[in-house]
Amino acid sequence: LVELLICAERPVIIAGAGAIASDARNQIISLASRTGALLATSLQAKGLFDGEEFNAGIAGGFVCAPSERLFQDADVVLGVGAELGFYTLEGGRIFPNATVARIDIDPPPPAQKNVGLHVRGDARETVAALNRVLAEREIERQGFRTSKTREILNSIPPGFERPSDGLDPRLLARSLSAALPADSVVTCGVGHFWGFVAMYTTCPTRGKFHFSHQFGAIGQTLPLAIGIAVGAPEHPHVVVEGDGSLMMHLQEFETLVRYGLPMILIVWNDSGFGAEAHKLRLKGFDAGLAQWRSPDFVAVAKSFGGDGVRLESEDQIGNAIARGLEARKLFVIDARVSPSTVSDLYLKTHFGAKNRAPLLQGVRSHPPK
Ligand SMILES: Cc1ncc(C[n+]2csc(CCOP(=O)(O)OP(=O)(O)O)c2C)c(N)n1
Ligand SMILES: [Mg+2]
C-alpha cells in the first residue's frame, strides 16, 4: 500500500462508516494532503469532510458533476473503512482507470468484485501508520491538489427549472440544509426521493446522517428511525421518508406516540412510487399504475395522537421544523413535491442525461462520532 500511494499520481481516498467508527477523519485528511489525494466519502459517511479543501463529496451514484469529471482521471482509489461496493464504484464506471485498494477491519465480503489490495486493520491506526512511514520517507505529493482541480470543484453549477406540479425537490432539499438544527440526526429512507436529500442537503455541522438502505428495501425507515431516536435522545431527530414507503409501516405512528418519542417526519410526497413511476413512463408504460391520490398524512398523524403541517412552499421548511421541535412528539411535515421532477441519479442512470449536479459544500464544525 505504501508503494502504491508513493507511485500514485492522482489518488482518491474514500472514507466509509468504518472511518467514522474509528475516528480516522484527521489521519485521513493528513494522508490525503501528503499524497495529493481528493477526499471523498461513501454515502454512509456523507459530510465527513465538509469544509475541507479538495473535498469531492460522495463517490458513487450520488457523485456530483465536477467530482465525476475528476474521478475519471484517478489512478488509485483507497477505501478507508469503506467496502467500496458496486454502488460506491458504480460498477467500475466512475473510476475507469484506477487501481483499487482498501483498508478495513473486516475481510472483503465474499461477493466483492474488484478486491484489489485489501489491508486488514483499524482505519485510524492503519492510516496513522501510513502517515508515519510516508513522513519518514519525506513524501509530499501535489497529485490532484492543483489550481485546476480547485477551479473544477468550485465551478458554478447550472441552474434548474422550477416545476409547476408541486414543490421543487432540489430546492426543498437545499432549504432543508439551513433548516436542520446543528446537532440534529437525520434518518433518510430509500426511493427516488433520497437522491435529492443525499445530493442537496448538507450534513448538520454537529449532526449525522443515517440512510435506511439495507437490501435496498423500502418500508424500513420508521422502525430504524425509532431505534435511532431511542439510542440518541439528546439529538433532535428529523426523518425523511417517501409517501409510498411510509404506507408500508404507517402503524408505527402508534409506537412513536405510545413511547412519547419526539420525531419530525418529512414525508417526501410525490403521490406515488416515484422510483417506479419514472421508469414506467420512460419505458412507455402507464406511470399511473404506480401513482395514487395522496392521503392526508397530517390527519393520519393527528389521529394517532401526533401533529403536523402541510408544507406550502420550500422556504417554509424552517418554520415547519421549528414547530416540530416545539411539539416534542410525532410531527409530520407533508411535503407535496413535484411528481414529474427526476433526480440527478435517475436522469443519469435511466434517462442517459449528462450529470449536472453541483458539488455540495457544507461546513463541519465538529467531526461526528
Ligand atoms: C420491499 C421493497 N419493495 C419494493 C421495492 C422497489 N421500490 C424501490 S423504491 C420504490 C418506491 C418508493 O416509493 P416512495 O417511498 O414514495 O419514494 P419515491 O420513489 O416515490 O420517491 C419501490 C416500490 C423495494 N426496494 N423494496
Ligand atoms: Mg413517493
# chains A, B, ... in the order shown; residues from 1 in each chain; ligands from 1
>>> residues_around(residues="segment 276-289 of chain A", least_positions_apart="5", cutoff="8 Å", atoms="only C-alpha atoms", output="list in words")
Ser340, Val342, His350 and Phe351 of chain A
>>> write_last_selection(atoms="all heavy atoms", output="PDB file, in the first residue's frame")
ATOM      1  N   SER A 340     -43.148  15.037 -11.305  1.00  0.00           N
ATOM      2  CA  SER A 340     -42.509  14.922 -12.630  1.00  0.00           C
ATOM      3  C   SER A 340     -41.015  15.254 -12.591  1.00  0.00           C
ATOM      4  O   SER A 340     -40.324  15.058 -13.584  1.00  0.00           O
ATOM      5  CB  SER A 340     -43.207  15.861 -13.628  1.00  0.00           C
ATOM      6  OG  SER A 340     -42.929  17.198 -13.282  1.00  0.00           O
ATOM      7  N   VAL A 342     -37.319  14.674 -12.044  1.00  0.00           N
ATOM      8  CA  VAL A 342     -36.492  13.466 -11.976  1.00  0.00           C
ATOM      9  C   VAL A 342     -35.175  13.788 -11.270  1.00  0.00           C
ATOM     10  O   VAL A 342     -34.568  14.828 -11.519  1.00  0.00           O
ATOM     11  CB  VAL A 342     -36.237  12.927 -13.407  1.00  0.00           C
ATOM     12  CG1 VAL A 342     -35.413  11.655 -13.372  1.00  0.00           C
ATOM     13  CG2 VAL A 342     -37.558  12.695 -14.136  1.00  0.00           C
ATOM     14  N   HIS A 350     -30.972   6.301 -15.777  1.00  0.00           N
ATOM     15  CA  HIS A 350     -32.080   5.746 -16.559  1.00  0.00           C
ATOM     16  C   HIS A 350     -32.406   6.571 -17.804  1.00  0.00           C
ATOM     17  O   HIS A 350     -32.933   6.051 -18.772  1.00  0.00           O
ATOM     18  CB  HIS A 350     -33.334   5.624 -15.684  1.00  0.00           C
ATOM     19  CG  HIS A 350     -33.133   4.735 -14.502  1.00  0.00           C
ATOM     20  ND1 HIS A 350     -32.951   3.367 -14.617  1.00  0.00           N
ATOM     21  CD2 HIS A 350     -33.044   5.007 -13.167  1.00  0.00           C
ATOM     22  CE1 HIS A 350     -32.778   2.850 -13.412  1.00  0.00           C
ATOM     23  NE2 HIS A 350     -32.826   3.816 -12.526  1.00  0.00           N
ATOM     24  N   PHE A 351     -32.153   7.878 -17.750  1.00  0.00           N
ATOM     25  CA  PHE A 351     -32.536   8.733 -18.871  1.00  0.00           C
ATOM     26  C   PHE A 351     -31.346   9.093 -19.764  1.00  0.00           C
ATOM     27  O   PHE A 351     -31.498   9.832 -20.724  1.00  0.00           O
ATOM     28  CB  PHE A 351     -33.212  10.015 -18.359  1.00  0.00           C
ATOM     29  CG  PHE A 351     -34.587   9.791 -17.762  1.00  0.00           C
ATOM     30  CD1 PHE A 351     -34.751   9.142 -16.552  1.00  0.00           C
ATOM     31  CD2 PHE A 351     -35.720  10.227 -18.431  1.00  0.00           C
ATOM     32  CE1 PHE A 351     -36.013   8.935 -15.999  1.00  0.00           C
ATOM     33  CE2 PHE A 351     -36.982  10.027 -17.894  1.00  0.00           C
ATOM     34  CZ  PHE A 351     -37.138   9.379 -16.676  1.00  0.00           C
TER      35      PHE A 351
END
>>> residues_near_ligand(ligand="ligand 2", cutoff="8 Å", atoms="only C-alpha atoms and all ligand atoms", output="number ranges by chain")
A: 191-193, 242-245, 268-275, 339
>>> closest_residue(among="A:Leu130, A:Leu261, A:Ile218, A:Leu311", to="ligand 1", atoms="only C-alpha atoms and all ligand atoms")
A:Ile218
>>> select_by_dssp(residues="segment 45-187 of chain A", states="helix (DSSP H, G or I)", output="JSON, numbers by chain")
{"A": [45, 65, 66, 67, 68, 69, 70, 71, 90, 91, 92, 123, 124, 125, 126, 127, 128, 129, 130, 131, 132, 133, 134, 135, 136, 147, 148, 149, 150, 151, 152, 153, 169, 170, 171, 172, 173, 174, 175, 176, 177, 178, 179]}
>>> atom_distance(atom1="atom CA of Asn55 of chain A", atom2="atom CA of Asp122 of chain A")
22.7 Å
>>> select_by_dssp(residues="segment 255-350 of chain A", states="strand (DSSP E)", output="ChimeraX atom specification")
/A:263-269,307-310,330-336
>>> write_last_selection(atoms="all heavy atoms", output="compact mmCIF listing (two decimals), in the first residue's frame")
# COMPACT_ATOMS: atom_id res chain seq x y z
N MET A 263 -40.27 13.15 17.11
CA MET A 263 -39.72 12.88 15.78
C MET A 263 -40.38 13.81 14.76
O MET A 263 -41.60 13.93 14.73
CB MET A 263 -39.97 11.43 15.37
CG MET A 263 -39.40 11.10 14.00
SD MET A 263 -39.78 9.41 13.48
CE MET A 263 -38.79 8.46 14.60
N ILE A 264 -39.53 14.49 13.99
CA ILE A 264 -40.05 15.30 12.89
C ILE A 264 -39.94 14.44 11.64
O ILE A 264 -38.85 14.02 11.26
CB ILE A 264 -39.24 16.60 12.74
CG1 ILE A 264 -39.36 17.42 14.03
CG2 ILE A 264 -39.72 17.39 11.53
CD1 ILE A 264 -38.43 18.62 14.09
N LEU A 265 -41.07 14.15 11.04
CA LEU A 265 -41.08 13.24 9.89
C LEU A 265 -41.50 14.01 8.64
O LEU A 265 -42.65 14.44 8.53
CB LEU A 265 -42.05 12.08 10.15
CG LEU A 265 -42.33 11.13 9.00
CD1 LEU A 265 -41.07 10.41 8.55
CD2 LEU A 265 -43.40 10.11 9.39
N ILE A 266 -40.53 14.21 7.74
CA ILE A 266 -40.86 14.88 6.48
C ILE A 266 -41.28 13.81 5.48
O ILE A 266 -40.50 12.91 5.16
CB ILE A 266 -39.64 15.65 5.93
CG1 ILE A 266 -39.14 16.66 6.96
CG2 ILE A 266 -39.99 16.33 4.60
CD1 ILE A 266 -37.82 17.34 6.58
N VAL A 267 -42.52 13.87 5.04
CA VAL A 267 -42.98 12.92 4.03
C VAL A 267 -42.71 13.54 2.66
O VAL A 267 -43.30 14.55 2.30
CB VAL A 267 -44.48 12.58 4.17
CG1 VAL A 267 -44.85 11.45 3.21
CG2 VAL A 267 -44.81 12.21 5.60
N TRP A 268 -41.76 12.95 1.93
CA TRP A 268 -41.40 13.44 0.59
C TRP A 268 -42.44 12.86 -0.36
O TRP A 268 -42.30 11.75 -0.86
CB TRP A 268 -39.99 12.96 0.23
CG TRP A 268 -39.23 13.93 -0.62
CD1 TRP A 268 -39.24 14.00 -1.98
CD2 TRP A 268 -38.34 14.95 -0.17
NE1 TRP A 268 -38.42 15.01 -2.40
CE2 TRP A 268 -37.84 15.61 -1.31
CE3 TRP A 268 -37.92 15.38 1.10
CZ2 TRP A 268 -36.95 16.66 -1.24
CZ3 TRP A 268 -37.02 16.42 1.16
CH2 TRP A 268 -36.54 17.05 0.01
N ASN A 269 -43.51 13.63 -0.53
CA ASN A 269 -44.75 13.08 -1.05
C ASN A 269 -44.99 13.44 -2.52
O ASN A 269 -45.42 14.55 -2.83
CB ASN A 269 -45.89 13.61 -0.16
CG ASN A 269 -47.22 12.99 -0.51
OD1 ASN A 269 -47.34 12.23 -1.46
ND2 ASN A 269 -48.23 13.34 0.27
N ASP A 307 -48.98 15.26 15.50
CA ASP A 307 -49.41 16.53 14.92
C ASP A 307 -48.66 16.71 13.60
O ASP A 307 -47.88 15.84 13.20
CB ASP A 307 -49.08 17.67 15.90
CG ASP A 307 -49.92 18.91 15.64
OD1 ASP A 307 -50.68 18.94 14.64
OD2 ASP A 307 -49.82 19.87 16.43
N GLY A 308 -48.86 17.84 12.96
CA GLY A 308 -48.15 18.06 11.70
C GLY A 308 -48.66 19.25 10.94
O GLY A 308 -49.56 19.95 11.37
N VAL A 309 -48.05 19.44 9.77
CA VAL A 309 -48.42 20.58 8.93
C VAL A 309 -48.14 20.21 7.47
O VAL A 309 -47.24 19.43 7.19
CB VAL A 309 -47.60 21.84 9.35
CG1 VAL A 309 -46.11 21.68 9.05
CG2 VAL A 309 -48.11 23.10 8.68
N ARG A 310 -48.96 20.75 6.59
CA ARG A 310 -48.68 20.55 5.16
C ARG A 310 -47.82 21.72 4.68
O ARG A 310 -48.12 22.87 4.97
CB ARG A 310 -49.99 20.48 4.39
CG ARG A 310 -49.76 20.18 2.93
CD ARG A 310 -51.03 19.72 2.27
NE ARG A 310 -50.94 19.97 0.85
CZ ARG A 310 -51.89 19.71 -0.01
NH1 ARG A 310 -53.03 19.19 0.41
NH2 ARG A 310 -51.72 19.96 -1.29
N LEU A 330 -44.43 13.09 17.70
CA LEU A 330 -44.50 12.85 16.26
C LEU A 330 -45.07 14.08 15.57
O LEU A 330 -46.17 14.53 15.90
CB LEU A 330 -45.41 11.63 15.98
CG LEU A 330 -45.83 11.47 14.51
CD1 LEU A 330 -44.63 11.16 13.62
CD2 LEU A 330 -46.90 10.40 14.37
N PHE A 331 -44.30 14.64 14.64
CA PHE A 331 -44.75 15.83 13.91
C PHE A 331 -44.48 15.60 12.43
O PHE A 331 -43.33 15.53 11.99
CB PHE A 331 -44.00 17.08 14.41
CG PHE A 331 -44.58 18.36 13.89
CD1 PHE A 331 -45.65 18.99 14.52
CD2 PHE A 331 -44.07 18.94 12.73
CE1 PHE A 331 -46.18 20.17 14.02
CE2 PHE A 331 -44.60 20.12 12.23
CZ PHE A 331 -45.66 20.74 12.88
N VAL A 332 -45.54 15.45 11.66
CA VAL A 332 -45.41 15.14 10.24
C VAL A 332 -45.42 16.41 9.40
O VAL A 332 -46.27 17.28 9.59
CB VAL A 332 -46.56 14.20 9.80
CG1 VAL A 332 -46.68 14.15 8.27
CG2 VAL A 332 -46.33 12.79 10.33
N ILE A 333 -44.44 16.53 8.51
CA ILE A 333 -44.43 17.62 7.54
C ILE A 333 -44.72 17.00 6.18
O ILE A 333 -43.91 16.25 5.64
CB ILE A 333 -43.07 18.35 7.54
CG1 ILE A 333 -42.77 18.94 8.92
CG2 ILE A 333 -43.04 19.44 6.46
CD1 ILE A 333 -41.38 19.54 9.08
N ASP A 334 -45.91 17.27 5.67
CA ASP A 334 -46.32 16.67 4.40
C ASP A 334 -45.87 17.58 3.26
O ASP A 334 -46.44 18.65 3.05
CB ASP A 334 -47.86 16.50 4.41
CG ASP A 334 -48.37 15.74 3.20
OD1 ASP A 334 -47.57 15.39 2.31
OD2 ASP A 334 -49.60 15.51 3.13
N ALA A 335 -44.80 17.16 2.57
CA ALA A 335 -44.22 17.98 1.50
C ALA A 335 -44.66 17.43 0.15
O ALA A 335 -44.12 16.41 -0.30
CB ALA A 335 -42.71 17.99 1.62
N ARG A 336 -45.62 18.08 -0.46
CA ARG A 336 -46.13 17.59 -1.76
C ARG A 336 -45.18 18.06 -2.87
O ARG A 336 -45.28 19.18 -3.37
CB ARG A 336 -47.54 18.14 -2.00
CG ARG A 336 -48.53 17.84 -0.87
CD ARG A 336 -49.12 16.46 -1.00
NE ARG A 336 -49.88 16.11 0.19
CZ ARG A 336 -51.20 15.89 0.19
NH1 ARG A 336 -51.90 16.00 -0.92
NH2 ARG A 336 -51.80 15.54 1.31
>>> atom_distance(atom1="atom CA of Val239 of chain A", atom2="atom CA of Val80 of chain A")
27.6 Å
>>> residues_around(residues="Ala173 of chain A", least_positions_apart="4", cutoff="12 Å", atoms="only C-alpha atoms", output="ChimeraX atom specification")
/A:167-169,177-180,188,193-203,240,266,268,314-315,317-318,335,337,343,360
>>> write_last_selection(atoms="C-alpha atoms", output="PDB file, in the first residue's frame")
ATOM      1  CA  LEU A 167     -42.650  21.748  -4.610  1.00  0.00           C
ATOM      2  CA  ASP A 168     -39.197  21.649  -6.218  1.00  0.00           C
ATOM      3  CA  PRO A 169     -37.454  18.682  -4.574  1.00  0.00           C
ATOM      4  CA  SER A 177     -29.825  22.188   4.983  1.00  0.00           C
ATOM      5  CA  ALA A 178     -30.322  25.564   6.631  1.00  0.00           C
ATOM      6  CA  ALA A 179     -33.434  24.440   8.498  1.00  0.00           C
ATOM      7  CA  LEU A 180     -31.823  21.493  10.302  1.00  0.00           C
ATOM      8  CA  CYS A 188     -33.438   9.088   5.378  1.00  0.00           C
ATOM      9  CA  PHE A 193     -36.523  10.877  -3.366  1.00  0.00           C
ATOM     10  CA  TRP A 194     -33.393  10.019  -1.412  1.00  0.00           C
ATOM     11  CA  GLY A 195     -31.195  11.289  -4.239  1.00  0.00           C
ATOM     12  CA  PHE A 196     -32.409  14.811  -3.527  1.00  0.00           C
ATOM     13  CA  VAL A 197     -31.535  14.543   0.166  1.00  0.00           C
ATOM     14  CA  ALA A 198     -28.180  12.851  -0.472  1.00  0.00           C
ATOM     15  CA  MET A 199     -27.137  15.397  -3.102  1.00  0.00           C
ATOM     16  CA  TYR A 200     -28.694  18.700  -1.975  1.00  0.00           C
ATOM     17  CA  THR A 201     -28.948  18.559   1.831  1.00  0.00           C
ATOM     18  CA  THR A 202     -25.764  19.230   3.779  1.00  0.00           C
ATOM     19  CA  CYS A 203     -24.975  17.311   6.918  1.00  0.00           C
ATOM     20  CA  VAL A 240     -37.212  11.883   5.630  1.00  0.00           C
ATOM     21  CA  ILE A 266     -40.863  14.880   6.479  1.00  0.00           C
ATOM     22  CA  TRP A 268     -41.405  13.438   0.591  1.00  0.00           C
ATOM     23  CA  GLU A 314     -39.960  25.173   0.110  1.00  0.00           C
ATOM     24  CA  ASP A 315     -38.908  28.124   2.246  1.00  0.00           C
ATOM     25  CA  ILE A 317     -39.431  24.177   5.901  1.00  0.00           C
ATOM     26  CA  GLY A 318     -37.560  26.148   8.607  1.00  0.00           C
ATOM     27  CA  ALA A 335     -44.224  17.983   1.504  1.00  0.00           C
ATOM     28  CA  VAL A 337     -43.219  17.545  -4.188  1.00  0.00           C
ATOM     29  CA  SER A 343     -33.493  13.127  -9.633  1.00  0.00           C
ATOM     30  CA  LEU A 360     -22.476  20.077  -2.111  1.00  0.00           C
TER      31      LEU A 360
END
>>> closest_residue(among="A:His237, A:Arg137, A:Arg323, A:His213", to="ligand 1", atoms="only C-alpha atoms and all ligand atoms")
A:His213
>>> atom_distance(atom1="atom CA of Val185 of chain A", atom2="atom CA of Asp344 of chain A")
24.3 Å
>>> closest_residue(among="A:Leu345, A:Ala327, A:Met248, A:Ala217", to="ligand 1", atoms="only C-alpha atoms and all ligand atoms")
A:Ala217
>>> closest_residue(among="A:Pro158, A:Gly216, A:Gly116, A:Pro108", to="ligand 1", atoms="only C-alpha atoms and all ligand atoms")
A:Gly216
>>> closest_residue(among="A:Ala101, A:Met247, A:Ala40, A:Val230", to="ligand 1", atoms="only C-alpha atoms and all ligand atoms")
A:Met247
